[in-house]
file start_8.cif (mmCIF, C-alpha atoms and all ligand atoms)
data_start
loop_
_atom_site.label_atom_id
_atom_site.label_comp_id
_atom_site.auth_asym_id
_atom_site.auth_seq_id
_atom_site.Cartn_x
_atom_site.Cartn_y
_atom_site.Cartn_z
CA MET O 24 20.29 -0.54 -13.63
CA LYS O 25 18.03 1.09 -16.18
CA ALA O 26 14.32 1.28 -15.40
CA ASN O 27 11.34 2.89 -17.00
CA ILE O 28 9.01 4.24 -14.29
CA VAL O 29 5.56 5.61 -15.06
CA LEU O 30 4.37 8.36 -12.70
CA LEU O 31 0.61 8.82 -12.32
CA PRO O 32 0.13 11.95 -10.18
CA GLY O 33 -3.69 11.91 -10.44
CA ASP O 34 -5.92 14.15 -8.34
CA GLY O 35 -6.00 16.18 -5.13
CA VAL O 36 -2.70 15.97 -3.29
CA GLY O 37 -1.47 13.36 -5.82
CA PRO O 38 0.70 15.69 -7.94
CA GLU O 39 2.31 17.25 -4.83
CA ILE O 40 3.31 13.96 -3.22
CA VAL O 41 4.38 12.21 -6.43
CA ALA O 42 6.72 15.12 -7.19
CA GLU O 43 8.48 14.52 -3.86
CA ALA O 44 8.76 10.77 -4.43
CA ALA O 45 10.25 11.48 -7.87
CA LYS O 46 12.87 13.66 -6.17
CA ALA O 47 13.74 10.79 -3.83
CA LEU O 48 14.04 8.38 -6.77
CA LYS O 49 16.34 10.82 -8.57
CA ALA O 50 18.53 11.08 -5.48
CA VAL O 51 18.71 7.27 -5.31
CA ALA O 52 19.62 7.07 -9.00
CA THR O 53 22.44 9.57 -8.55
CA ARG O 54 23.79 7.99 -5.38
CA PHE O 55 23.69 4.37 -6.59
CA GLY O 56 24.39 4.97 -10.28
CA HIS O 57 21.05 3.96 -11.76
CA ASP O 58 19.20 5.31 -14.75
CA PHE O 59 15.53 5.82 -13.89
CA GLU O 60 13.54 7.19 -16.76
CA MET O 61 10.36 8.73 -15.32
CA THR O 62 7.40 9.73 -17.47
CA GLU O 63 4.16 11.28 -16.24
CA HIS O 64 0.75 10.25 -17.54
CA PRO O 65 -2.72 11.62 -16.79
CA VAL O 66 -5.07 9.52 -14.67
CA GLY O 67 -8.23 9.98 -12.61
CA GLY O 68 -10.35 13.12 -12.64
CA ALA O 69 -7.43 15.07 -14.09
CA ALA O 70 -7.47 12.75 -17.13
CA HIS O 71 -11.25 12.98 -17.34
CA ASP O 72 -10.99 16.77 -17.56
CA LEU O 73 -8.32 16.44 -20.21
CA CYS O 74 -9.88 13.84 -22.51
CA GLY O 75 -13.13 12.56 -21.00
CA ASP O 76 -11.69 9.29 -19.67
CA CYS O 77 -10.22 8.66 -16.20
CA LEU O 78 -7.96 6.01 -17.68
CA PRO O 79 -6.92 7.01 -21.22
CA ASP O 80 -5.72 4.17 -23.46
CA ALA O 81 -2.27 5.74 -23.70
CA THR O 82 -1.93 5.80 -19.91
CA LEU O 83 -2.93 2.15 -19.59
CA ALA O 84 -0.55 1.17 -22.39
CA ALA O 85 2.30 3.09 -20.74
CA CYS O 86 1.63 1.32 -17.42
CA LYS O 87 1.64 -2.07 -19.12
CA ALA O 88 4.94 -1.31 -20.81
CA ALA O 89 6.60 0.19 -17.71
CA ASP O 90 9.00 -1.54 -15.35
CA ALA O 91 6.96 -0.13 -12.45
CA VAL O 92 4.20 2.42 -11.80
CA LEU O 93 4.01 5.03 -9.03
CA LEU O 94 0.53 6.42 -8.40
CA GLY O 95 -0.47 9.41 -6.24
CA ALA O 96 -4.23 9.32 -5.71
CA VAL O 97 -7.44 9.62 -7.71
CA GLY O 98 -10.90 11.03 -7.10
CA GLY O 99 -12.51 14.07 -5.57
CA PRO O 100 -15.87 15.81 -5.20
CA LYS O 101 -15.62 17.33 -8.67
CA TRP O 102 -16.07 13.87 -10.25
CA ASP O 103 -18.48 12.32 -7.72
CA ALA O 104 -21.47 12.89 -9.99
CA LEU O 105 -20.03 10.86 -12.89
CA PRO O 106 -21.73 7.50 -13.54
CA PRO O 107 -20.18 4.89 -11.18
CA GLU O 108 -18.29 3.06 -13.92
CA LYS O 109 -16.72 6.30 -15.15
CA ARG O 110 -15.65 7.62 -11.76
CA PRO O 111 -11.91 7.83 -11.04
CA GLU O 112 -12.03 5.07 -8.38
CA ARG O 113 -13.69 2.46 -10.62
CA ARG O 114 -12.51 3.50 -14.06
CA ALA O 115 -8.93 4.40 -13.16
CA LEU O 116 -7.87 2.60 -9.98
CA LEU O 117 -9.85 -0.63 -10.16
CA THR O 118 -9.29 -0.99 -13.91
CA LEU O 119 -5.56 -0.47 -13.46
CA ARG O 120 -5.47 -3.09 -10.72
CA SER O 121 -7.34 -5.66 -12.78
CA GLU O 122 -5.73 -4.87 -16.16
CA LEU O 123 -2.26 -5.15 -14.61
CA GLY O 124 -3.26 -8.34 -12.78
CA LEU O 125 -2.32 -6.87 -9.40
CA PHE O 126 -3.96 -9.39 -7.11
CA ALA O 127 -1.86 -8.85 -3.99
CA ASN O 128 -1.61 -5.57 -2.13
CA LEU O 129 1.09 -5.30 0.53
CA ARG O 130 0.44 -2.64 3.19
CA PRO O 131 3.11 -2.50 5.85
CA ALA O 132 2.05 -0.64 9.01
CA LYS O 133 4.68 0.04 11.59
CA VAL O 134 5.37 2.62 14.25
CA TRP O 135 8.45 4.66 13.47
CA ASP O 136 10.61 5.22 16.55
CA ALA O 137 10.38 8.99 16.26
CA LEU O 138 6.60 8.87 15.91
CA LYS O 139 5.71 6.68 18.88
CA GLY O 140 3.93 9.65 20.47
CA ALA O 141 1.72 10.08 17.38
CA SER O 142 -0.15 6.81 17.96
CA PRO O 143 -3.51 7.31 19.65
CA LEU O 144 -2.97 4.06 21.59
CA LYS O 145 -1.68 3.99 25.16
CA ASP O 146 2.11 4.02 25.54
CA GLU O 147 2.22 0.53 27.05
CA ILE O 148 0.42 -0.91 24.02
CA VAL O 149 2.72 0.90 21.57
CA ALA O 150 5.76 -0.20 23.60
CA ARG O 151 4.98 -3.85 22.81
CA GLY O 152 5.75 -3.02 19.17
CA ILE O 153 3.59 -2.49 16.10
CA ASP O 154 4.97 -3.94 12.89
CA ILE O 155 2.28 -5.48 10.74
CA LEU O 156 2.10 -6.40 7.08
CA ILE O 157 -1.41 -6.47 5.68
CA VAL O 158 -1.70 -8.58 2.54
CA ARG O 159 -4.95 -7.57 0.90
CA GLU O 160 -6.48 -9.46 -2.03
CA LEU O 161 -6.95 -6.76 -4.66
CA THR O 162 -8.75 -7.98 -7.77
CA GLY O 163 -11.65 -10.04 -6.43
CA GLY O 164 -14.60 -9.91 -4.08
CA ALA O 165 -17.31 -7.27 -3.95
CA TYR O 166 -15.17 -4.66 -5.69
CA PHE O 167 -15.26 -6.65 -8.92
CA GLY O 168 -18.37 -8.83 -8.51
CA GLU O 169 -21.59 -8.27 -10.40
CA LYS O 170 -23.49 -5.22 -9.17
CA SER O 171 -27.00 -4.10 -9.86
CA ARG O 172 -29.76 -1.72 -8.87
CA SER O 173 -33.44 -2.51 -9.33
CA ALA O 174 -35.55 -0.54 -11.80
CA ASP O 175 -37.23 1.39 -8.93
CA ARG O 176 -33.71 2.09 -7.52
CA LYS O 177 -34.89 0.85 -4.12
CA SER O 178 -32.77 -2.30 -3.91
CA ALA O 179 -29.24 -3.21 -4.94
CA TYR O 180 -26.62 -5.91 -4.67
CA ASP O 181 -22.87 -6.40 -5.01
CA VAL O 182 -21.88 -10.05 -5.45
CA THR O 183 -18.70 -11.15 -3.63
CA PRO O 184 -17.21 -13.94 -5.72
CA TYR O 185 -13.96 -15.73 -4.87
CA SER O 186 -12.36 -18.81 -6.41
CA ALA O 187 -9.91 -21.14 -4.69
CA HIS O 188 -7.32 -20.09 -7.27
CA GLU O 189 -7.66 -16.40 -6.34
CA ILE O 190 -7.41 -17.20 -2.64
CA GLU O 191 -4.45 -19.54 -2.97
CA ARG O 192 -2.29 -17.17 -5.01
CA VAL O 193 -2.64 -14.29 -2.55
CA ALA O 194 -2.24 -16.62 0.45
CA ARG O 195 1.05 -17.80 -1.05
CA ILE O 196 2.28 -14.19 -1.15
CA ALA O 197 1.34 -13.77 2.53
CA PHE O 198 3.12 -16.95 3.66
CA GLU O 199 6.23 -16.08 1.68
CA ALA O 200 6.22 -12.52 3.02
CA ALA O 201 5.95 -13.91 6.56
CA ARG O 202 9.00 -16.09 6.00
CA ARG O 203 10.90 -13.21 4.43
CA ARG O 204 10.11 -10.84 7.32
CA HIS O 205 11.78 -13.34 9.60
CA GLY O 206 14.89 -13.58 7.49
CA ARG O 207 14.26 -16.97 5.93
CA ALA O 208 15.40 -17.40 2.40
CA ILE O 209 12.76 -18.19 -0.16
CA ALA O 210 13.04 -19.11 -3.77
CA PRO O 211 12.07 -16.04 -5.81
CA ARG O 212 8.91 -16.45 -7.81
CA PRO O 213 9.59 -16.85 -11.50
CA GLY O 214 9.85 -13.54 -13.27
CA ARG O 215 10.31 -11.37 -10.21
CA ALA O 216 13.28 -10.64 -8.02
CA VAL O 217 12.18 -10.26 -4.41
CA ALA O 218 15.19 -9.65 -2.23
CA PRO O 219 15.23 -10.62 1.44
CA GLN O 220 15.26 -7.68 3.81
CA PRO O 221 18.70 -7.37 5.35
CA GLY O 222 19.04 -5.51 8.59
CA ARG O 223 15.67 -6.60 9.81
CA ALA O 224 15.87 -8.06 13.29
CA VAL O 225 14.99 -11.75 13.39
CA ALA O 226 11.95 -11.90 15.62
CA PRO O 227 12.01 -14.46 18.41
CA ARG O 228 8.63 -15.84 17.36
CA PRO O 229 8.10 -17.96 14.26
CA PRO O 230 6.56 -16.10 11.35
CA LYS O 231 2.82 -15.88 11.70
CA VAL O 232 -0.04 -15.32 9.30
CA THR O 233 -3.43 -14.29 10.64
CA SER O 234 -6.02 -15.05 8.00
CA VAL O 235 -9.02 -12.78 8.47
CA ASP O 236 -12.49 -13.76 7.28
CA LYS O 237 -16.14 -13.94 8.31
CA ALA O 238 -16.49 -17.71 8.06
CA ASN O 239 -19.27 -17.80 10.65
CA VAL O 240 -21.54 -16.09 8.11
CA LEU O 241 -20.13 -15.96 4.57
CA GLU O 242 -19.68 -18.86 2.15
CA THR O 243 -16.78 -17.09 0.41
CA SER O 244 -15.09 -16.89 3.82
CA ARG O 245 -15.56 -20.63 4.37
CA LEU O 246 -13.88 -21.27 1.02
CA TRP O 247 -11.18 -18.76 2.02
CA ARG O 248 -10.49 -20.57 5.29
CA GLU O 249 -10.46 -24.06 3.71
CA THR O 250 -8.12 -22.95 0.94
CA VAL O 251 -5.67 -21.16 3.23
CA THR O 252 -5.64 -24.11 5.65
CA ALA O 253 -4.90 -26.60 2.86
CA LEU O 254 -2.10 -24.50 1.36
CA HIS O 255 -0.57 -24.01 4.79
CA ALA O 256 -0.57 -27.75 5.53
CA ALA O 257 0.87 -28.60 2.13
CA GLU O 258 3.64 -26.01 1.84
CA TYR O 259 3.99 -23.62 4.77
CA ALA O 260 3.86 -25.68 7.96
CA ASP O 261 6.86 -23.73 9.32
CA VAL O 262 4.72 -20.57 9.41
CA GLU O 263 2.20 -20.25 12.23
CA LEU O 264 -1.34 -19.84 10.91
CA GLU O 265 -4.34 -18.56 12.81
CA HIS O 266 -7.80 -17.69 11.58
CA MET O 267 -9.73 -14.73 12.92
CA TYR O 268 -13.13 -13.22 12.25
CA VAL O 269 -12.92 -9.71 10.84
CA ASP O 270 -14.87 -8.08 13.67
CA ASN O 271 -12.49 -9.61 16.20
CA ALA O 272 -9.49 -8.56 14.08
CA ALA O 273 -10.71 -4.95 14.07
CA MET O 274 -10.90 -5.11 17.86
CA GLN O 275 -7.55 -6.86 18.38
CA LEU O 276 -5.82 -4.26 16.17
CA VAL O 277 -6.47 -1.59 18.79
CA ARG O 278 -6.37 -3.87 21.85
CA ASP O 279 -3.11 -5.69 21.14
CA PRO O 280 -1.56 -4.90 17.73
CA ALA O 281 1.72 -6.58 18.76
CA ARG O 282 0.02 -9.97 18.37
CA PHE O 283 -0.06 -9.51 14.58
CA ASP O 284 2.72 -10.23 12.11
CA VAL O 285 1.19 -10.76 8.65
CA ILE O 286 -2.56 -10.29 8.16
CA LEU O 287 -4.02 -11.97 5.07
CA THR O 288 -7.48 -10.95 4.01
CA GLU O 289 -9.93 -10.36 1.18
CA ASN O 290 -10.36 -7.10 -0.73
CA MET O 291 -13.00 -5.23 1.29
CA PHE O 292 -11.83 -6.38 4.73
CA GLY O 293 -8.28 -5.38 3.76
CA ASP O 294 -9.41 -1.92 2.70
CA ILE O 295 -11.03 -1.33 6.08
CA LEU O 296 -8.40 -2.93 8.31
CA SER O 297 -5.54 -1.10 6.59
CA ASP O 298 -7.09 2.30 7.34
CA GLU O 299 -7.46 1.20 10.95
CA ALA O 300 -3.85 -0.02 11.04
CA SER O 301 -2.66 3.30 9.65
CA GLN O 302 -4.26 5.22 12.49
CA ILE O 303 -2.69 3.11 15.21
CA THR O 304 0.72 3.86 13.72
CA GLY O 305 0.04 7.61 13.91
CA SER O 306 -1.00 8.88 10.51
CA ILE O 307 -2.46 7.58 7.27
CA GLY O 308 0.11 9.88 5.63
CA MET O 309 2.83 7.38 6.52
CA LEU O 310 1.49 4.15 4.97
CA PRO O 311 2.82 2.94 1.62
CA SER O 312 1.61 0.03 -0.48
CA ALA O 313 2.83 -2.29 -3.19
CA SER O 314 0.43 -4.00 -5.56
CA LEU O 315 1.95 -7.09 -7.12
CA GLY O 316 0.70 -9.73 -9.45
CA THR O 317 1.21 -11.40 -12.72
CA ALA O 318 2.55 -8.36 -14.57
CA LYS O 319 6.16 -7.37 -14.09
CA GLY O 320 6.99 -4.56 -11.74
CA GLY O 321 3.77 -3.71 -10.02
CA LEU O 322 2.06 -0.53 -8.90
CA TYR O 323 3.05 1.49 -5.85
CA GLU O 324 0.84 4.00 -4.08
CA PRO O 325 0.17 5.50 -0.67
CA ILE O 326 -2.88 3.93 0.98
CA HIS O 327 -4.48 7.34 1.54
CA GLY O 328 -6.80 9.06 -0.90
CA SER O 329 -6.59 12.34 -2.79
CA ALA O 330 -7.43 14.46 0.31
CA PRO O 331 -9.24 17.21 -1.64
CA ASP O 332 -9.61 19.27 1.56
CA ILE O 333 -5.87 19.93 1.72
CA ALA O 334 -5.00 19.68 -1.99
CA GLY O 335 -2.92 22.53 -3.39
CA LYS O 336 -1.99 23.83 0.05
CA GLY O 337 1.44 22.23 0.11
CA ILE O 338 0.83 20.60 3.49
CA ALA O 339 0.27 16.93 2.56
CA ASN O 340 2.69 14.38 3.97
CA PRO O 341 4.71 12.91 1.05
CA LEU O 342 6.27 10.13 3.17
CA ALA O 343 3.71 7.43 2.31
CA THR O 344 4.49 8.00 -1.38
CA ILE O 345 8.25 8.18 -0.78
CA LEU O 346 7.99 4.90 1.17
CA SER O 347 5.95 3.46 -1.72
CA ALA O 348 8.90 4.33 -3.97
CA ALA O 349 11.10 2.37 -1.53
CA LEU O 350 8.78 -0.62 -1.91
CA MET O 351 9.15 -0.24 -5.68
CA LEU O 352 12.94 -0.34 -5.41
CA ARG O 353 12.69 -3.49 -3.30
CA HIS O 354 9.95 -5.44 -5.03
CA ALA O 355 10.06 -4.31 -8.66
CA PHE O 356 13.80 -3.94 -9.07
CA GLY O 357 15.26 -6.12 -6.29
CA LEU O 358 17.28 -3.08 -5.08
CA ALA O 359 17.33 -3.85 -1.36
CA ALA O 360 20.18 -1.50 -0.39
CA GLU O 361 18.51 1.38 -2.21
CA ALA O 362 15.16 0.65 -0.54
CA ASP O 363 16.88 0.49 2.85
CA ALA O 364 18.53 3.85 2.12
CA VAL O 365 15.17 5.51 1.46
CA GLU O 366 13.65 4.00 4.62
CA GLN O 367 16.72 5.08 6.60
CA ALA O 368 16.42 8.62 5.20
CA VAL O 369 12.79 8.74 6.36
CA SER O 370 13.81 7.47 9.79
CA ASP O 371 16.69 10.00 10.07
CA VAL O 372 14.59 12.94 8.92
CA LEU O 373 11.84 12.07 11.41
CA ALA O 374 14.45 11.63 14.15
CA SER O 375 15.78 15.11 13.38
CA GLY O 376 12.33 16.49 14.23
CA VAL O 377 11.13 17.45 10.74
CA ARG O 378 7.34 16.99 10.61
CA THR O 379 4.48 17.70 8.24
CA ALA O 380 1.26 18.94 9.87
CA ASP O 381 -0.39 15.50 10.20
CA ILE O 382 2.44 14.18 12.40
CA ALA O 383 3.46 17.44 14.06
CA SER O 384 3.37 17.75 17.82
CA PRO O 385 0.11 19.25 19.09
CA SER O 386 2.09 22.09 20.68
CA GLY O 387 3.09 23.18 17.19
CA VAL O 388 6.79 23.33 18.15
CA PRO O 389 8.81 22.97 15.97
CA SER O 390 6.44 24.22 13.31
CA ALA O 391 5.34 21.85 10.56
CA VAL O 392 7.16 21.89 7.24
CA SER O 393 5.54 21.90 3.81
CA THR O 394 5.23 18.93 1.45
CA SER O 395 8.21 20.06 -0.62
CA GLU O 396 10.34 20.89 2.41
CA MET O 397 9.81 17.34 3.66
CA GLY O 398 10.77 16.07 0.18
CA ASP O 399 13.87 18.28 0.20
CA ALA O 400 14.87 16.90 3.61
CA ILE O 401 14.58 13.32 2.33
CA GLN O 402 16.51 14.20 -0.82
CA ALA O 403 19.26 15.81 1.26
CA ALA O 404 19.44 12.77 3.58
CA LEU O 405 19.72 10.49 0.56
CA SER O 406 22.39 12.61 -1.06
CA GLY O 407 24.37 12.73 2.19
CA SER O 408 24.31 16.52 2.19
C1 LIG O 501 -7.53 2.12 -1.12
C2 LIG O 501 -8.66 3.06 -1.48
C3 LIG O 501 -9.40 2.51 -2.69
C4 LIG O 501 -9.91 1.13 -2.33
C5 LIG O 501 -10.54 3.40 -3.19
C6 LIG O 501 -10.07 4.80 -3.53
C7 LIG O 501 -11.29 2.79 -4.33
O1 LIG O 501 -9.50 3.23 -0.39
O2 LIG O 501 -6.65 1.88 -1.97
O3 LIG O 501 -7.52 1.63 0.01
O4 LIG O 501 -10.97 1.01 -1.71
O5 LIG O 501 -9.25 0.15 -2.68
MG MG O 502 -8.84 2.35 1.39
#

call {"tool": "encode", "arguments": {"input": "start_8.cif", "output": "structure tokens", "more": "lines below"}}
Ligand code: IPM
Ligand code: MG
result
Amino acid sequence: MKANIVLLPGDGVGPEIVAEAAKALKAVATRFGHDFEMTEHPVGGAAHDLCGDCLPDATLAACKAADAVLLGAVGGPKWDALPPEKRPERRALLTLRSELGLFANLRPAKVWDALKGASPLKDEIVARGIDILIVRELTGGAYFGEKSRSADRKSAYDVTPYSAHEIERVARIAFEAARRRHGRAIAPRPGRAVAPQPGRAVAPRPPKVTSVDKANVLETSRLWRETVTALHAAEYADVELEHMYVDNAAMQLVRDPARFDVILTENMFGDILSDEASQITGSIGMLPSASLGTAKGGLYEPIHGSAPDIAGKGIANPLATILSAALMLRHAFGLAAEADAVEQAVSDVLASGVRTADIASPSGVPSAVSTSEMGDAIQAALSGS
């Protein structure tokens, strides 16, 4: 197939990791006979330095026209003093998410066989299995609600609005993902090919969605719970649904992560729980994400930030970005075999002992490889060389 992919390297480690994901995509194109046209556009602080805007019009237009977008990371201390609405996080990332209508953010967190030892949890907890999909609402809540600071700058608020419509559409994605993870066929949503995931073991339990809220305190959470319950009863009774308060969910994630299958939650809770989930799987450098919505294609990015402390050193782990490219192949293009091949390459390379510093053994043997050496290893695995 022919696809037009926009690359947004951004700031910090962004350019280093996106370059490695682009290599992986090229290897996939060669091996499977696809034509991926990849064009880079400035975003984040890098774009601000170039033209005074973290999200130049041309970049936004290119993203809207693309078949899919791959983003590295944005932000860093250099741009922290910009006014809030001009900072890379708000101006670039949040504007991209809302302008592209990306209301659902899929963050799979699993322990790779070769990395079981990297989890900080006890072996017996890890042995029960960690394979969670966090479905985070991405264009609502406090991130996008009205915000204000008083004239004396001594008080402030961030409103957390949610409508039933916003809750229902992301809940639908979570229920459908739960079915798909357990090998049940679903009708693809109009306008997007979402292939089932072959090769995935059918779990003995029915698919389960844990909807996370704070309904004992927040009105938006009560609406969240009511809406999810009604949608479940009307259309997804075959999927198990449980509700959990966010504080309890944070605790259960470290106490017994195997109890989770799909976690559905609002924007801010999803941001926090996905960082926690990344740590229990070993490293935040391993977690990819797919942001889907009304626009075609979607946006794919690692869940980690720009890591300014290690930027330019060539030591960042590119696997979260490479795995984000796999999610792109699967969700944007419906290329399941190609996505499986990338995930298999990651698994094989890890099994062969190749490690970046964040996932290296504490003994330092074998020594950690650089960002580009990890990318080369993935490329070689994909090319069968
Ligand atoms: C993430 C990040 C962003 C978020 C930041 C950089 C605004 O933490 O994608 O998880 O909070 O959504
Ligand atoms: Mg985050």

call {"tool": "closest_atom_pairs", "arguments": {"input": "start_8.cif", "of": "stretch 294-356 of chain O", "to": "stretch 81-89 of chain O", "cutoff": "10 Å", "atoms": "only C-alpha atoms", "output": "CSV"}}
result
residue,atom,partner,partner_atom,distance
O:Ala318,CA,O:Lys87,CA,7.8
O:Lys319,CA,O:Ala89,CA,8.4
O:Gly320,CA,O:Ala89,CA,7.6
O:Gly321,CA,O:Ala89,CA,9.1
O:Leu322,CA,O:Cys86,CA,8.7

call {"tool": "closest_residue", "arguments": {"input": "start_8.cif", "among": "O:Ala69, O:Val369, O:Ala383, O:Leu310", "to": "ligand LIG 501 (chain O)", "atoms": "all atoms listed in the file"}}
result
O:Leu310

call {"tool": "residues_around", "arguments": {"input": "start_8.cif", "residues": "O:Met24", "least_positions_apart": "6", "cutoff": "10 Å", "atoms": "all atoms listed in the file", "output": "PDB file with C-alpha atoms, in the coordinates of the input"}}
result
ATOM      1  CA  ALA O  52      19.620   7.070  -9.000  1.00  0.00           C
ATOM      2  CA  PHE O  55      23.690   4.370  -6.590  1.00  0.00           C
ATOM      3  CA  GLY O  56      24.390   4.970 -10.280  1.00  0.00           C
ATOM      4  CA  HIS O  57      21.050   3.960 -11.760  1.00  0.00           C
ATOM      5  CA  ASP O  58      19.200   5.310 -14.750  1.00  0.00           C
ATOM      6  CA  PHE O  59      15.530   5.820 -13.890  1.00  0.00           C
ATOM      7  CA  PHE O 356      13.800  -3.940  -9.070  1.00  0.00           C
ATOM      8  CA  LEU O 358      17.280  -3.080  -5.080  1.00  0.00           C
TER       9      LEU O 358
END

call {"tool": "closest_atom_pairs", "arguments": {"input": "start_8.cif", "of": "chain O", "to": "ligand MG 502 (chain O)", "cutoff": "12 Å", "atoms": "all atoms listed in the file", "output": "tab-separated table"}}
result
residue	atom	partner	partner_atom	distance
O:Ala96	CA	O:MG502	MG	11.0
O:Val97	CA	O:MG502	MG	11.7
O:Glu112	CA	O:MG502	MG	10.6
O:Leu116	CA	O:MG502	MG	11.4
O:Leu117	CA	O:MG502	MG	12.0
O:Asn128	CA	O:MG502	MG	11.3
O:Arg130	CA	O:MG502	MG	10.7
O:Arg159	CA	O:MG502	MG	10.7
O:Leu161	CA	O:MG502	MG	11.1
O:Tyr166	CA	O:MG502	MG	11.8
O:Asn290	CA	O:MG502	MG	9.8
O:Met291	CA	O:MG502	MG	8.6
O:Phe292	CA	O:MG502	MG	9.8
O:Gly293	CA	O:MG502	MG	8.1
O:Asp294	CA	O:MG502	MG	4.5
O:Ile295	CA	O:MG502	MG	6.4
O:Leu296	CA	O:MG502	MG	8.7
O:Ser297	CA	O:MG502	MG	7.1
O:Asp298	CA	O:MG502	MG	6.2
O:Glu299	CA	O:MG502	MG	9.7
O:Ala300	CA	O:MG502	MG	11.1
O:Ser301	CA	O:MG502	MG	10.4
O:Ile307	CA	O:MG502	MG	10.1
O:Leu310	CA	O:MG502	MG	11.1
O:Pro311	CA	O:MG502	MG	11.7
O:Ser312	CA	O:MG502	MG	10.9
O:Glu324	CA	O:MG502	MG	11.2
O:Pro325	CA	O:MG502	MG	9.8
O:Ile326	CA	O:MG502	MG	6.2
O:His327	CA	O:MG502	MG	6.6
O:Gly328	CA	O:MG502	MG	7.4
O:Ser329	CA	O:MG502	MG	11.1

call {"tool": "atom_distance", "arguments": {"input": "start_8.cif", "atom1": "atom CA of O:Ser370", "atom2": "atom CA of O:Pro230"}}
result
24.7 Å

call {"tool": "atom_distance", "arguments": {"input": "start_8.cif", "atom1": "atom CA of O:Thr162", "atom2": "atom CA of O:Val66"}}
result
19.2 Å

call {"tool": "closest_residue", "arguments": {"input": "start_8.cif", "among": "O:Gly163, O:Gly335, O:Gly98, O:Pro143", "to": "O:Ser121", "atoms": "only C-alpha atoms"}}
result
O:Gly163

call {"tool": "atom_distance", "arguments": {"input": "start_8.cif", "atom1": "atom CA of O:Leu405", "atom2": "atom CA of O:Arg54"}}
result
7.6 Å

call {"tool": "axis_aligned_box", "arguments": {"input": "start_8.cif", "around": "stretch 385-395 of chain O", "padding_each_side": "6 Å", "output": "JSON"}}
result
{"center_x": 4.5, "center_y": 21.6, "center_z": 10.0, "size_x": 20.7, "size_y": 17.3, "size_z": 33.3}

call {"tool": "closest_residue", "arguments": {"input": "start_8.cif", "among": "O:Pro389, O:Gly99, O:Gly407, O:Gly124", "to": "ligand LIG 501 (chain O)", "atoms": "only C-alpha atoms and all ligand atoms"}}
result
O:Gly99

call {"tool": "residues_near_point", "arguments": {"input": "start_8.cif", "point": "(2.9, -17.7, 9.5)", "cutoff": "9 Å", "atoms": "only C-alpha atoms", "output": "JSON, numbers by chain"}}
result
{"O": [197, 198, 199, 200, 201, 202, 229, 230, 231, 232, 233, 255, 259, 260, 261, 262, 263, 264, 265, 284, 285]}

call {"tool": "residues_around", "arguments": {"input": "start_8.cif", "residues": "O:Leu73", "least_positions_apart": "6", "cutoff": "12 Å", "atoms": "all atoms listed in the file", "output": "list in words"}}
result
Gly33, His64, Pro65, Val66, Gly67 and Pro79 of chain O

call {"tool": "residues_near_point", "arguments": {"input": "start_8.cif", "point": "(0.2, 15.5, -10.1)", "cutoff": "9 Å", "atoms": "all atoms listed in the file", "output": "list in words"}}
result
Leu30, Leu31, Pro32, Gly33, Asp34, Gly35, Val36, Gly37, Pro38, Glu39, Ile40, Val41, Ala42, Glu63, Pro65, Ala69, Gly95 and Ala96 of chain O

call {"tool": "closest_residue", "arguments": {"input": "start_8.cif", "among": "O:Lys49, O:Lys109, O:Arg120, O:Arg176", "to": "ligand LIG 501 (chain O)", "atoms": "only C-alpha atoms and all ligand atoms"}}
result
O:Arg120

call {"tool": "closest_residue", "arguments": {"input": "start_8.cif", "among": "O:Ile190, O:Ala127, O:Leu254, O:Ala50", "to": "ligand LIG 501 (chain O)", "atoms": "all atoms listed in the file"}}
result
O:Ala127

call {"tool": "decode", "arguments": {"input": "start_8.cif", "residues": "stretch 267-275 of chain O", "atoms": "N, CA and C atoms", "output": "compact mmCIF listing (two decimals), in the first residue's frame"}}
result
# COMPACT_ATOMS: atom_id res chain seq x y z
N MET O 267 -14.04 1.17 39.38
CA MET O 267 -13.05 1.25 40.45
C MET O 267 -12.67 2.70 40.67
N TYR O 268 -12.52 3.09 41.94
CA TYR O 268 -12.05 4.43 42.22
C TYR O 268 -10.57 4.53 41.86
N VAL O 269 -10.16 5.72 41.45
CA VAL O 269 -8.80 5.87 40.91
C VAL O 269 -7.73 5.61 41.96
N ASP O 270 -7.99 5.96 43.21
CA ASP O 270 -6.97 5.69 44.24
C ASP O 270 -6.79 4.19 44.42
N ASN O 271 -7.90 3.46 44.41
CA ASN O 271 -7.81 2.00 44.52
C ASN O 271 -7.11 1.42 43.29
N ALA O 272 -7.42 1.96 42.12
CA ALA O 272 -6.79 1.45 40.88
C ALA O 272 -5.27 1.63 40.94
N ALA O 273 -4.83 2.77 41.46
CA ALA O 273 -3.38 3.01 41.57
C ALA O 273 -2.75 1.96 42.48
N MET O 274 -3.48 1.60 43.53
CA MET O 274 -2.97 0.59 44.46
C MET O 274 -2.99 -0.80 43.82
N GLN O 275 -4.13 -1.16 43.19
CA GLN O 275 -4.24 -2.50 42.61
C GLN O 275 -3.22 -2.73 41.49
